[in-house]
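What follows is a short report on a single structure.
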Amino acid sequence: MSELSDYTASLTPEQQAHVAQLRSKFFRWVSIISVIGTILLLIILRFTVYNYKNVEDYEQYVTHKDSFMRFNAAKALGQFPNNPKAIVLLSQMLNDSSVQVKWHAGLSLAKLKNPKSIQPLLRFIEKEKDISSKSIGIYALGQTKSEAILEPLKKEFEKSLLIKDVKKIKDERINQFSIIQSFAYVNTKKSNDFLEEVKNRNGLDKELKDFTSKMLEIHGIEPEKKEINK
C-alpha cells in the first residue's frame with residue numbers, strides 16, 4: 001500500500017470523503033488545464049505551420065476547406081516576388097468566399113509589386129462588393145507603380161462621383177481616397193497631372209482635395225528647376 005493509501009486509510013470516513021472531494025477537484029482542474037494547453041498548442045502550430053521554401057508547397061492550401069489555412073497561405077505567398085505562380089495563386093484567392101482571405105491575397109499582391117497582377121486586380125475591383133477588399137485591391141494596383149492602372153482607376157474615380165445613394169457614398173469615398181493614393185504611388189507626370197486636376201476641381205469636398213494636396217506633397221514629382229537667365 002502506498003504512503004498516500006496508508007494516510008487515507010487512517011482517516012475517519014468524513015475526512016476520507018473530504019480528501020476524495022479535493023482529489024476530484026484537483027484532477028478536474030488538471031484535465032481542464034490540459035485541454036486548454038492542447039488547444040493553445042494547436043493554435044500555435046497552425047500559426048507556424050507555414051514555413052515552406054517553395055510556392056508549390058502552399059498550393060495545396062489555396063482551396064483548403066479551412067479558411068484559416070487559406071488565410072495563412074495568402075499571407076505566405078507574398079514572400080515570392082520572383083515566382084509568377086505566386087501571382088496566379090493569389091489572383092485565384094481574390095475570389096475566395098472569406099473576406100479575410102481576400103484581404104491578405106490583395107496585400108500579398110501589393111507586397112509583390114508585380115505588373116502581372118494588374119489585370120486580375122482590375123477585374124477584382126470591378127466586381128468586388130466588400131469595400132475593404134476593394135480598397136486593398138486599389139492599393140495593390142498602386143504598388144505596381146505602372147501607368148497601365150491610371151486610366152482604369154480614373155474611370156473608377158469618375159464613376160464613384162456619380163453615386164447618389166446616401167448609403168453608398170461613404171463607401172465610395174473610401175475608394176476615392178484609395179485611388180488618389182494609388183495615383184500618388186505611380187508618381188509620374190501623367191498621374192500627378194490628374195492629381196493636380198482633382199486638387200483644383202470645383203464641387204469636390206475639402207477633405208478629399210486636402211488629401212490630394214498632401215499626396216502630391218509627399219509623392220509628387222518635384223518641378224523642374226528653371227534656369228535663370230542672367
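In the C-alpha cells, each chain is lettered A, B, ... as it comes, each chain's residues begin at 1, and ligands are numbered from 1 in order of appearance.
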
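Contact shell of Glu217 (chain A) at 12 Å (only C-alpha atoms; same-chain neighbours under 5 positions omitted): A:Gln181, A:Ala184, A:Tyr185, A:Asn187, A:Asn192, A:Leu195, A:Glu196, A:Lys199, A:Asp210, A:Phe211, A:Thr212, A:Glu222, A:Pro223.
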
Save out the residues we just selected, all heavy atoms, as an mmCIF file, in the first residue's frame.
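Output saved as again.cif:
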data_model
loop_
_atom_site.group_PDB
_atom_site.id
_atom_site.type_symbol
_atom_site.label_atom_id
_atom_site.label_comp_id
_atom_site.auth_asym_id
_atom_site.auth_seq_id
_atom_site.Cartn_x
_atom_site.Cartn_y
_atom_site.Cartn_z
ATOM 1 N N GLN A 181 -4.446 57.867 -53.572
ATOM 2 C CA GLN A 181 -3.197 57.343 -53.021
ATOM 3 C C GLN A 181 -2.445 56.513 -54.060
ATOM 4 O O GLN A 181 -1.218 56.623 -54.196
ATOM 5 C CB GLN A 181 -3.491 56.499 -51.786
ATOM 6 C CG GLN A 181 -2.255 56.074 -51.011
ATOM 7 C CD GLN A 181 -2.620 55.317 -49.751
ATOM 8 O OE1 GLN A 181 -3.553 54.497 -49.753
ATOM 9 N NE2 GLN A 181 -1.922 55.577 -48.666
ATOM 10 N N ALA A 184 -0.729 58.626 -56.567
ATOM 11 C CA ALA A 184 0.475 59.218 -55.989
ATOM 12 C C ALA A 184 1.634 58.231 -55.989
ATOM 13 O O ALA A 184 2.790 58.612 -56.210
ATOM 14 C CB ALA A 184 0.192 59.701 -54.577
ATOM 15 N N TYR A 185 1.340 56.955 -55.762
ATOM 16 C CA TYR A 185 2.400 55.945 -55.777
ATOM 17 C C TYR A 185 3.017 55.798 -57.168
ATOM 18 O O TYR A 185 4.216 55.559 -57.303
ATOM 19 C CB TYR A 185 1.866 54.589 -55.308
ATOM 20 C CG TYR A 185 1.716 54.464 -53.822
ATOM 21 C CD1 TYR A 185 0.498 54.072 -53.252
ATOM 22 C CD2 TYR A 185 2.779 54.738 -52.965
ATOM 23 C CE1 TYR A 185 0.352 53.960 -51.879
ATOM 24 C CE2 TYR A 185 2.644 54.629 -51.592
ATOM 25 C CZ TYR A 185 1.430 54.237 -51.053
ATOM 26 O OH TYR A 185 1.290 54.125 -49.696
ATOM 27 N N ASN A 187 3.421 58.131 -59.377
ATOM 28 C CA ASN A 187 4.387 59.230 -59.327
ATOM 29 C C ASN A 187 5.065 59.523 -60.669
ATOM 30 O O ASN A 187 6.285 59.536 -60.788
ATOM 31 C CB ASN A 187 5.448 58.925 -58.252
ATOM 32 C CG ASN A 187 6.258 60.147 -57.868
ATOM 33 O OD1 ASN A 187 5.819 61.275 -58.091
ATOM 34 N ND2 ASN A 187 7.430 59.932 -57.317
ATOM 35 N N ASN A 192 0.402 62.639 -61.770
ATOM 36 C CA ASN A 192 0.353 63.875 -60.993
ATOM 37 C C ASN A 192 -0.478 64.960 -61.663
ATOM 38 O O ASN A 192 -1.048 65.822 -60.979
ATOM 39 C CB ASN A 192 1.767 64.374 -60.713
ATOM 40 C CG ASN A 192 2.479 63.475 -59.706
ATOM 41 O OD1 ASN A 192 1.839 62.806 -58.912
ATOM 42 N ND2 ASN A 192 3.795 63.454 -59.754
ATOM 43 N N LEU A 195 -3.856 64.302 -60.398
ATOM 44 C CA LEU A 195 -3.991 64.740 -59.010
ATOM 45 C C LEU A 195 -4.113 66.262 -58.915
ATOM 46 O O LEU A 195 -4.884 66.779 -58.090
ATOM 47 C CB LEU A 195 -2.793 64.250 -58.187
ATOM 48 C CG LEU A 195 -2.662 62.730 -58.032
ATOM 49 C CD1 LEU A 195 -1.445 62.387 -57.182
ATOM 50 C CD2 LEU A 195 -3.918 62.117 -57.430
ATOM 51 N N GLU A 196 -3.370 66.954 -59.739
ATOM 52 C CA GLU A 196 -3.480 68.416 -59.764
ATOM 53 C C GLU A 196 -4.881 68.839 -60.194
ATOM 54 O O GLU A 196 -5.463 69.781 -59.646
ATOM 55 C CB GLU A 196 -2.439 69.007 -60.730
ATOM 56 C CG GLU A 196 -1.011 68.966 -60.221
ATOM 57 C CD GLU A 196 -0.744 70.010 -59.161
ATOM 58 O OE1 GLU A 196 -1.638 70.842 -58.892
ATOM 59 O OE2 GLU A 196 0.348 69.986 -58.568
ATOM 60 N N LYS A 199 -7.226 68.228 -57.312
ATOM 61 C CA LYS A 199 -6.990 69.226 -56.255
ATOM 62 C C LYS A 199 -7.693 70.549 -56.555
ATOM 63 O O LYS A 199 -8.160 71.240 -55.641
ATOM 64 C CB LYS A 199 -5.486 69.448 -56.103
ATOM 65 C CG LYS A 199 -5.112 70.397 -54.983
ATOM 66 C CD LYS A 199 -3.611 70.613 -54.916
ATOM 67 C CE LYS A 199 -3.147 71.493 -56.070
ATOM 68 N NZ LYS A 199 -1.711 71.887 -55.922
ATOM 69 N N ASP A 210 -7.801 68.243 -49.864
ATOM 70 C CA ASP A 210 -6.648 68.396 -48.977
ATOM 71 C C ASP A 210 -5.785 67.139 -48.982
ATOM 72 O O ASP A 210 -4.556 67.221 -48.944
ATOM 73 C CB ASP A 210 -7.112 68.689 -47.543
ATOM 74 C CG ASP A 210 -7.644 70.111 -47.386
ATOM 75 O OD1 ASP A 210 -7.421 70.928 -48.306
ATOM 76 O OD2 ASP A 210 -8.284 70.385 -46.352
ATOM 77 N N PHE A 211 -6.449 65.974 -49.012
ATOM 78 C CA PHE A 211 -5.702 64.710 -49.063
ATOM 79 C C PHE A 211 -4.909 64.610 -50.369
ATOM 80 O O PHE A 211 -3.762 64.159 -50.376
ATOM 81 C CB PHE A 211 -6.677 63.534 -48.950
ATOM 82 C CG PHE A 211 -6.005 62.188 -48.998
ATOM 83 C CD1 PHE A 211 -5.307 61.705 -47.904
ATOM 84 C CD2 PHE A 211 -6.076 61.404 -50.146
ATOM 85 C CE1 PHE A 211 -4.688 60.463 -47.943
ATOM 86 C CE2 PHE A 211 -5.466 60.170 -50.193
ATOM 87 C CZ PHE A 211 -4.770 59.689 -49.090
ATOM 88 N N THR A 212 -5.520 65.051 -51.465
ATOM 89 C CA THR A 212 -4.836 65.037 -52.757
ATOM 90 C C THR A 212 -3.604 65.939 -52.724
ATOM 91 O O THR A 212 -2.528 65.567 -53.216
ATOM 92 C CB THR A 212 -5.794 65.496 -53.873
ATOM 93 O OG1 THR A 212 -6.963 64.663 -53.864
ATOM 94 C CG2 THR A 212 -5.129 65.402 -55.237
ATOM 95 N N GLU A 222 9.012 66.504 -58.243
ATOM 96 C CA GLU A 222 9.457 67.865 -57.999
ATOM 97 C C GLU A 222 9.489 68.648 -59.297
ATOM 98 O O GLU A 222 9.943 68.135 -60.324
ATOM 99 C CB GLU A 222 10.861 67.864 -57.370
ATOM 100 C CG GLU A 222 10.898 67.250 -55.982
ATOM 101 C CD GLU A 222 12.280 67.316 -55.376
ATOM 102 O OE1 GLU A 222 13.172 67.894 -56.028
ATOM 103 O OE2 GLU A 222 12.466 66.793 -54.269
ATOM 104 N N PRO A 223 9.007 69.872 -59.276
ATOM 105 C CA PRO A 223 9.026 70.662 -60.514
ATOM 106 C C PRO A 223 10.456 70.912 -60.979
ATOM 107 O O PRO A 223 11.364 71.043 -60.176
ATOM 108 C CB PRO A 223 8.338 71.966 -60.090
ATOM 109 C CG PRO A 223 8.481 72.015 -58.606
ATOM 110 C CD PRO A 223 8.472 70.604 -58.129
#

For region 61-97 of chain A versus region 108-129 of chain A, which residues have an atom no more than 7 Å away, and what is each residue's nearest atom pair and distance in Å rounded to one decimal, using only C-alpha atoms, chain-then-number order, as a tab-separated table?
residue	atom	partner	partner_atom	distance
A:Ala74	CA	A:Ser108	CA	6.9
A:Lys75	CA	A:Ser108	CA	6.1
A:Leu77	CA	A:Ser108	CA	6.6
A:Gly78	CA	A:Ser108	CA	4.2
A:Pro81	CA	A:Leu112	CA	4.9
A:Ile87	CA	A:Ser117	CA	6.3
A:Leu90	CA	A:Leu109	CA	6.9
A:Ser91	CA	A:Pro120	CA	5.9
A:Leu94	CA	A:Phe124	CA	6.9

For this session: Going by DSSP on the backbone, which bits of region 34-200 of chain A are alpha helix (DSSP H)? Write them as a PyMOL selection string, please.
Result: chain A and resi 34-48+55-59+67-76+84-93+99-112+118-127+131-143+150-161+166-186+189-199

For this session: Pick out the residues sitting within 12 Å of Gln176 (chain A), and hand them over as a VMD selection string; count only C-alpha atoms, and ignore anything fewer than 3 positions along from it in its own chain.
Result: chain A and resid 131 134 to 135 138 to 139 153 to 163 169 to 173 179 to 183 195 198 204 to 205 207 to 209 211 to 212

For this session: Can you pull out every residue within 10 Å of Tyr61 (chain A), counting only C-alpha atoms, but drop anything in the same chain fewer than 3 positions away, and send it as a list in words?
Result: Glu56, Asp57, Tyr58, His64, Lys65, Asp66, Ser67, Phe68, Met69, Arg70, Phe71, Asn72, Ala73 and Ala74 of chain A

Exercise. Between A:Ile149, A:Ile36, A:Ala76, A:Gln92, which has the minimum distance to Tyr52 (chain A) (counting only C-alpha atoms)?
Worked result: A:Ala76

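With only C-alpha atoms as the atoms that count, the residue of A:Val55, A:Arg201, A:Lys102, A:Ser133 with the shortest distance to Ala86 (chain A) is A:Val55.
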
Problem set entry | Point-to-point distance in Å for CA of Asp193 (chain A) and CA of Gly220 (chain A) |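 Between these atoms lies a distance of 9.7 Å.
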